[in-house]
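Engineer: entry.txt is the file, holding compact mmCIF, N, CA and C atoms:
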```
# COMPACT_ATOMS: atom_id res chain seq x y z
N MET A 1 108.60 144.16 128.39
CA MET A 1 109.87 144.15 127.68
C MET A 1 111.00 143.71 128.61
N GLU A 2 111.03 144.32 129.78
CA GLU A 2 112.09 144.00 130.74
C GLU A 2 111.95 142.56 131.24
N ASN A 3 110.71 142.10 131.41
CA ASN A 3 110.46 140.74 131.86
C ASN A 3 110.90 139.73 130.80
N ALA A 4 110.64 140.02 129.53
CA ALA A 4 111.05 139.12 128.45
C ALA A 4 112.56 139.03 128.37
N LEU A 5 113.24 140.16 128.54
CA LEU A 5 114.70 140.17 128.52
C LEU A 5 115.26 139.37 129.69
N SER A 6 114.61 139.46 130.82
CA SER A 6 115.03 138.70 132.00
C SER A 6 114.89 137.20 131.76
N LYS A 7 113.80 136.79 131.11
CA LYS A 7 113.59 135.38 130.81
C LYS A 7 114.63 134.87 129.82
N ILE A 8 114.99 135.68 128.84
CA ILE A 8 116.01 135.29 127.86
C ILE A 8 117.35 135.12 128.55
N LYS A 9 117.70 136.06 129.42
CA LYS A 9 118.96 135.95 130.16
C LYS A 9 118.98 134.69 131.01
N GLN A 10 117.86 134.38 131.64
CA GLN A 10 117.78 133.19 132.49
C GLN A 10 117.96 131.93 131.65
N ARG A 11 117.34 131.87 130.48
CA ARG A 11 117.49 130.70 129.60
C ARG A 11 118.91 130.56 129.10
N VAL A 12 119.53 131.66 128.73
CA VAL A 12 120.93 131.62 128.28
C VAL A 12 121.81 131.13 129.41
N HIS A 13 121.56 131.59 130.61
CA HIS A 13 122.34 131.16 131.77
C HIS A 13 122.19 129.66 132.00
N ILE A 14 120.98 129.14 131.89
CA ILE A 14 120.74 127.70 132.08
C ILE A 14 121.45 126.90 130.99
N VAL A 15 121.34 127.33 129.74
CA VAL A 15 121.99 126.62 128.64
C VAL A 15 123.50 126.61 128.82
N LEU A 16 124.07 127.75 129.18
CA LEU A 16 125.52 127.81 129.39
C LEU A 16 125.95 126.93 130.56
N THR A 17 125.17 126.92 131.61
CA THR A 17 125.50 126.08 132.77
C THR A 17 125.48 124.60 132.40
N VAL A 18 124.47 124.17 131.68
CA VAL A 18 124.38 122.77 131.25
C VAL A 18 125.54 122.44 130.31
N PHE A 19 125.85 123.32 129.38
CA PHE A 19 126.94 123.10 128.43
C PHE A 19 128.28 122.99 129.14
N LEU A 20 128.57 123.92 130.03
CA LEU A 20 129.86 123.89 130.74
C LEU A 20 129.96 122.70 131.68
N THR A 21 128.85 122.32 132.31
CA THR A 21 128.86 121.14 133.17
C THR A 21 129.13 119.88 132.35
N THR A 22 128.53 119.79 131.18
CA THR A 22 128.78 118.65 130.29
C THR A 22 130.24 118.59 129.87
N LEU A 23 130.81 119.73 129.50
CA LEU A 23 132.23 119.77 129.14
C LEU A 23 133.11 119.36 130.31
N PHE A 24 132.77 119.80 131.49
CA PHE A 24 133.54 119.46 132.69
C PHE A 24 133.50 117.96 132.95
N ILE A 25 132.33 117.34 132.82
CA ILE A 25 132.21 115.90 133.04
C ILE A 25 132.99 115.13 131.98
N LEU A 26 132.90 115.55 130.72
CA LEU A 26 133.69 114.91 129.66
C LEU A 26 135.18 115.03 129.94
N PHE A 27 135.60 116.17 130.40
CA PHE A 27 137.01 116.39 130.74
C PHE A 27 137.45 115.42 131.83
N LEU A 28 136.66 115.27 132.87
CA LEU A 28 137.00 114.36 133.96
C LEU A 28 137.06 112.91 133.50
N VAL A 29 136.11 112.51 132.67
CA VAL A 29 136.06 111.13 132.20
C VAL A 29 137.26 110.80 131.31
N GLN A 30 137.69 111.76 130.50
CA GLN A 30 138.78 111.50 129.56
C GLN A 30 140.16 111.66 130.17
N ASN A 31 140.28 112.17 131.37
CA ASN A 31 141.58 112.40 131.99
C ASN A 31 141.70 111.69 133.33
N THR A 32 141.42 110.40 133.33
CA THR A 32 141.46 109.64 134.58
C THR A 32 142.79 108.94 134.82
N GLU A 33 143.67 108.90 133.82
CA GLU A 33 144.94 108.19 134.01
C GLU A 33 145.80 108.87 135.06
N GLN A 34 146.57 108.06 135.74
CA GLN A 34 147.44 108.54 136.82
C GLN A 34 148.72 109.15 136.23
N VAL A 35 149.16 110.24 136.83
CA VAL A 35 150.43 110.85 136.45
C VAL A 35 151.28 110.99 137.71
N GLN A 36 152.57 110.89 137.53
CA GLN A 36 153.51 111.01 138.64
C GLN A 36 153.93 112.48 138.75
N VAL A 37 153.82 113.05 139.93
CA VAL A 37 154.17 114.44 140.17
C VAL A 37 155.32 114.48 141.16
N ALA A 38 156.37 115.22 140.80
CA ALA A 38 157.50 115.42 141.70
C ALA A 38 157.65 116.92 141.93
N PHE A 39 157.58 117.33 143.18
CA PHE A 39 157.71 118.75 143.53
C PHE A 39 158.56 118.86 144.78
N LEU A 40 159.70 119.50 144.64
CA LEU A 40 160.68 119.64 145.71
C LEU A 40 161.00 118.28 146.32
N PHE A 41 160.59 118.04 147.56
CA PHE A 41 160.90 116.78 148.23
C PHE A 41 159.77 115.76 148.14
N TRP A 42 158.66 116.15 147.56
CA TRP A 42 157.50 115.27 147.50
C TRP A 42 157.38 114.62 146.13
N SER A 43 156.84 113.44 146.12
CA SER A 43 156.54 112.73 144.89
C SER A 43 155.25 111.95 145.12
N PHE A 44 154.27 112.13 144.24
CA PHE A 44 153.00 111.43 144.42
C PHE A 44 152.35 111.19 143.07
N SER A 45 151.37 110.31 143.06
CA SER A 45 150.63 109.97 141.86
C SER A 45 149.20 110.47 142.02
N THR A 46 148.66 111.07 140.97
CA THR A 46 147.31 111.63 141.03
C THR A 46 146.68 111.57 139.64
N PRO A 47 145.36 111.55 139.55
CA PRO A 47 144.72 111.60 138.23
C PRO A 47 145.05 112.93 137.52
N ARG A 48 145.22 112.86 136.22
CA ARG A 48 145.57 114.05 135.44
C ARG A 48 144.53 115.15 135.60
N ALA A 49 143.25 114.80 135.60
CA ALA A 49 142.19 115.80 135.74
C ALA A 49 142.32 116.55 137.05
N LEU A 50 142.61 115.84 138.13
CA LEU A 50 142.75 116.48 139.44
C LEU A 50 143.95 117.43 139.45
N LEU A 51 145.03 117.02 138.83
CA LEU A 51 146.22 117.87 138.75
C LEU A 51 145.92 119.15 137.96
N LEU A 52 145.24 119.02 136.83
CA LEU A 52 144.91 120.19 136.02
C LEU A 52 143.94 121.12 136.74
N LEU A 53 142.96 120.56 137.43
CA LEU A 53 142.01 121.39 138.18
C LEU A 53 142.69 122.10 139.34
N ALA A 54 143.60 121.41 140.02
CA ALA A 54 144.34 122.05 141.11
C ALA A 54 145.18 123.21 140.57
N THR A 55 145.80 123.00 139.42
CA THR A 55 146.59 124.07 138.79
C THR A 55 145.70 125.25 138.43
N LEU A 56 144.52 124.97 137.89
CA LEU A 56 143.57 126.03 137.55
C LEU A 56 143.18 126.84 138.78
N PHE A 57 142.82 126.17 139.86
CA PHE A 57 142.39 126.87 141.07
C PHE A 57 143.52 127.67 141.71
N ILE A 58 144.73 127.14 141.66
CA ILE A 58 145.88 127.90 142.18
C ILE A 58 146.07 129.17 141.35
N GLY A 59 145.93 129.05 140.03
CA GLY A 59 146.04 130.23 139.16
C GLY A 59 144.96 131.26 139.44
N ILE A 60 143.74 130.79 139.67
CA ILE A 60 142.63 131.71 139.99
C ILE A 60 142.91 132.43 141.30
N ILE A 61 143.38 131.71 142.30
CA ILE A 61 143.68 132.32 143.60
C ILE A 61 144.79 133.35 143.46
N ILE A 62 145.84 133.03 142.72
CA ILE A 62 146.94 133.99 142.52
C ILE A 62 146.43 135.22 141.79
N GLY A 63 145.59 135.02 140.78
CA GLY A 63 145.03 136.15 140.05
C GLY A 63 144.17 137.04 140.93
N LEU A 64 143.34 136.43 141.76
CA LEU A 64 142.49 137.21 142.67
C LEU A 64 143.32 137.98 143.69
N LEU A 65 144.35 137.33 144.23
CA LEU A 65 145.21 138.02 145.19
C LEU A 65 145.94 139.19 144.54
N THR A 66 146.33 139.02 143.29
CA THR A 66 147.01 140.10 142.57
C THR A 66 146.07 141.29 142.37
N VAL A 67 144.85 141.01 141.96
CA VAL A 67 143.88 142.09 141.73
C VAL A 67 143.51 142.76 143.05
N MET A 68 143.34 141.99 144.10
CA MET A 68 142.95 142.56 145.40
C MET A 68 144.08 143.39 146.00
N GLY A 69 145.31 143.12 145.65
CA GLY A 69 146.44 143.85 146.21
C GLY A 69 146.67 145.20 145.57
N ARG A 70 146.05 145.44 144.42
CA ARG A 70 146.22 146.72 143.74
C ARG A 70 145.38 147.80 144.40
N PRO A 71 145.92 149.00 144.48
CA PRO A 71 145.09 150.10 145.00
C PRO A 71 144.00 150.46 143.99
N LYS A 72 142.85 150.83 144.50
CA LYS A 72 141.74 151.20 143.62
C LYS A 72 142.01 152.57 143.00
N LYS A 73 141.62 152.69 141.73
CA LYS A 73 141.77 153.97 141.05
C LYS A 73 140.66 154.90 141.51
N ASN A 74 141.02 156.14 141.73
CA ASN A 74 140.03 157.13 142.13
C ASN A 74 139.37 157.66 140.87
N THR A 75 138.14 157.23 140.61
CA THR A 75 137.46 157.63 139.38
C THR A 75 136.67 158.92 139.55
N ALA A 76 136.49 159.37 140.77
CA ALA A 76 135.75 160.61 141.00
C ALA A 76 136.63 161.79 140.59
N ARG A 77 136.01 162.72 139.89
CA ARG A 77 136.75 163.91 139.45
C ARG A 77 136.92 164.89 140.60
N LYS A 78 138.13 165.39 140.72
CA LYS A 78 138.40 166.39 141.76
C LYS A 78 138.00 167.76 141.24
N GLN A 79 137.29 168.52 142.07
CA GLN A 79 136.86 169.85 141.63
C GLN A 79 137.44 170.91 142.51
```
When written as structure tokens, how does the structure in this file appear?

Structural biologist:
Amino acid sequence: MENALSKIKQRVHIVLTVFLTTLFILFLVQNTEQVQVAFLFWSFSTPRALLLLATLFIGIIIGLLTVMGRPKKNTARKQ
């Protein structure tokens, strides 16, 4: 029973990985046009997909730093 459940989880994981990879490739192919970015004193041109991915990763890093900065809740009951 446990082995069958493990195989199902593995297949679901593979299907999701293939699906998300396909979506990622389609996203990159459809967003290749150059966009002009101006930030403070800098101005540069970059593909739209790269700009969106950089924004995503910056958001993930900020989210992780926010979660890591919080003190852990003490879930153990005091007796």

Engineer: Please identify which residues in chain A DSSP calls helix (DSSP H, G or I) from the backbone, and express them as an MDAnalysis selection string.

Structural biologist: chainID A and resid 2:30 48:69

Engineer: Give me, please, the distance in Å between atom C of Leu51 in chain A and CA of Glu33 in chain A, quoted to one decimal.

Structural biologist: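 Between atom C of Leu51 in chain A and CA of Glu33 in chain A the gap is 11.7 Å.
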
Engineer: Pull the strand (DSSP E or B) assignments for chain A out of DSSP run on the backbone, and list those residues as a PyMOL selection string.

Structural biologist: chain A and resi 34-39+42-47

Engineer: Rounded to one decimal, what separation in Å do you get between CA of Val35 in chain A and CA of Ile62 in chain A?

Structural biologist: 24.2 Å

Engineer: Could you give me, as number ranges by chain, the residues within 12 Å of Leu52 in chain A, counting only C-alpha atoms and dropping anything in the same chain fewer than 5 positions from it?

Structural biologist: A: 24, 27-28, 31-32, 34-35, 37, 46-47, 57-59

Engineer: Quick one: distance from CA of Arg48 in chain A to CA of Val29 in chain A in Å, one decimal?

Structural biologist: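 Distance between the two atoms: 10.5 Å.
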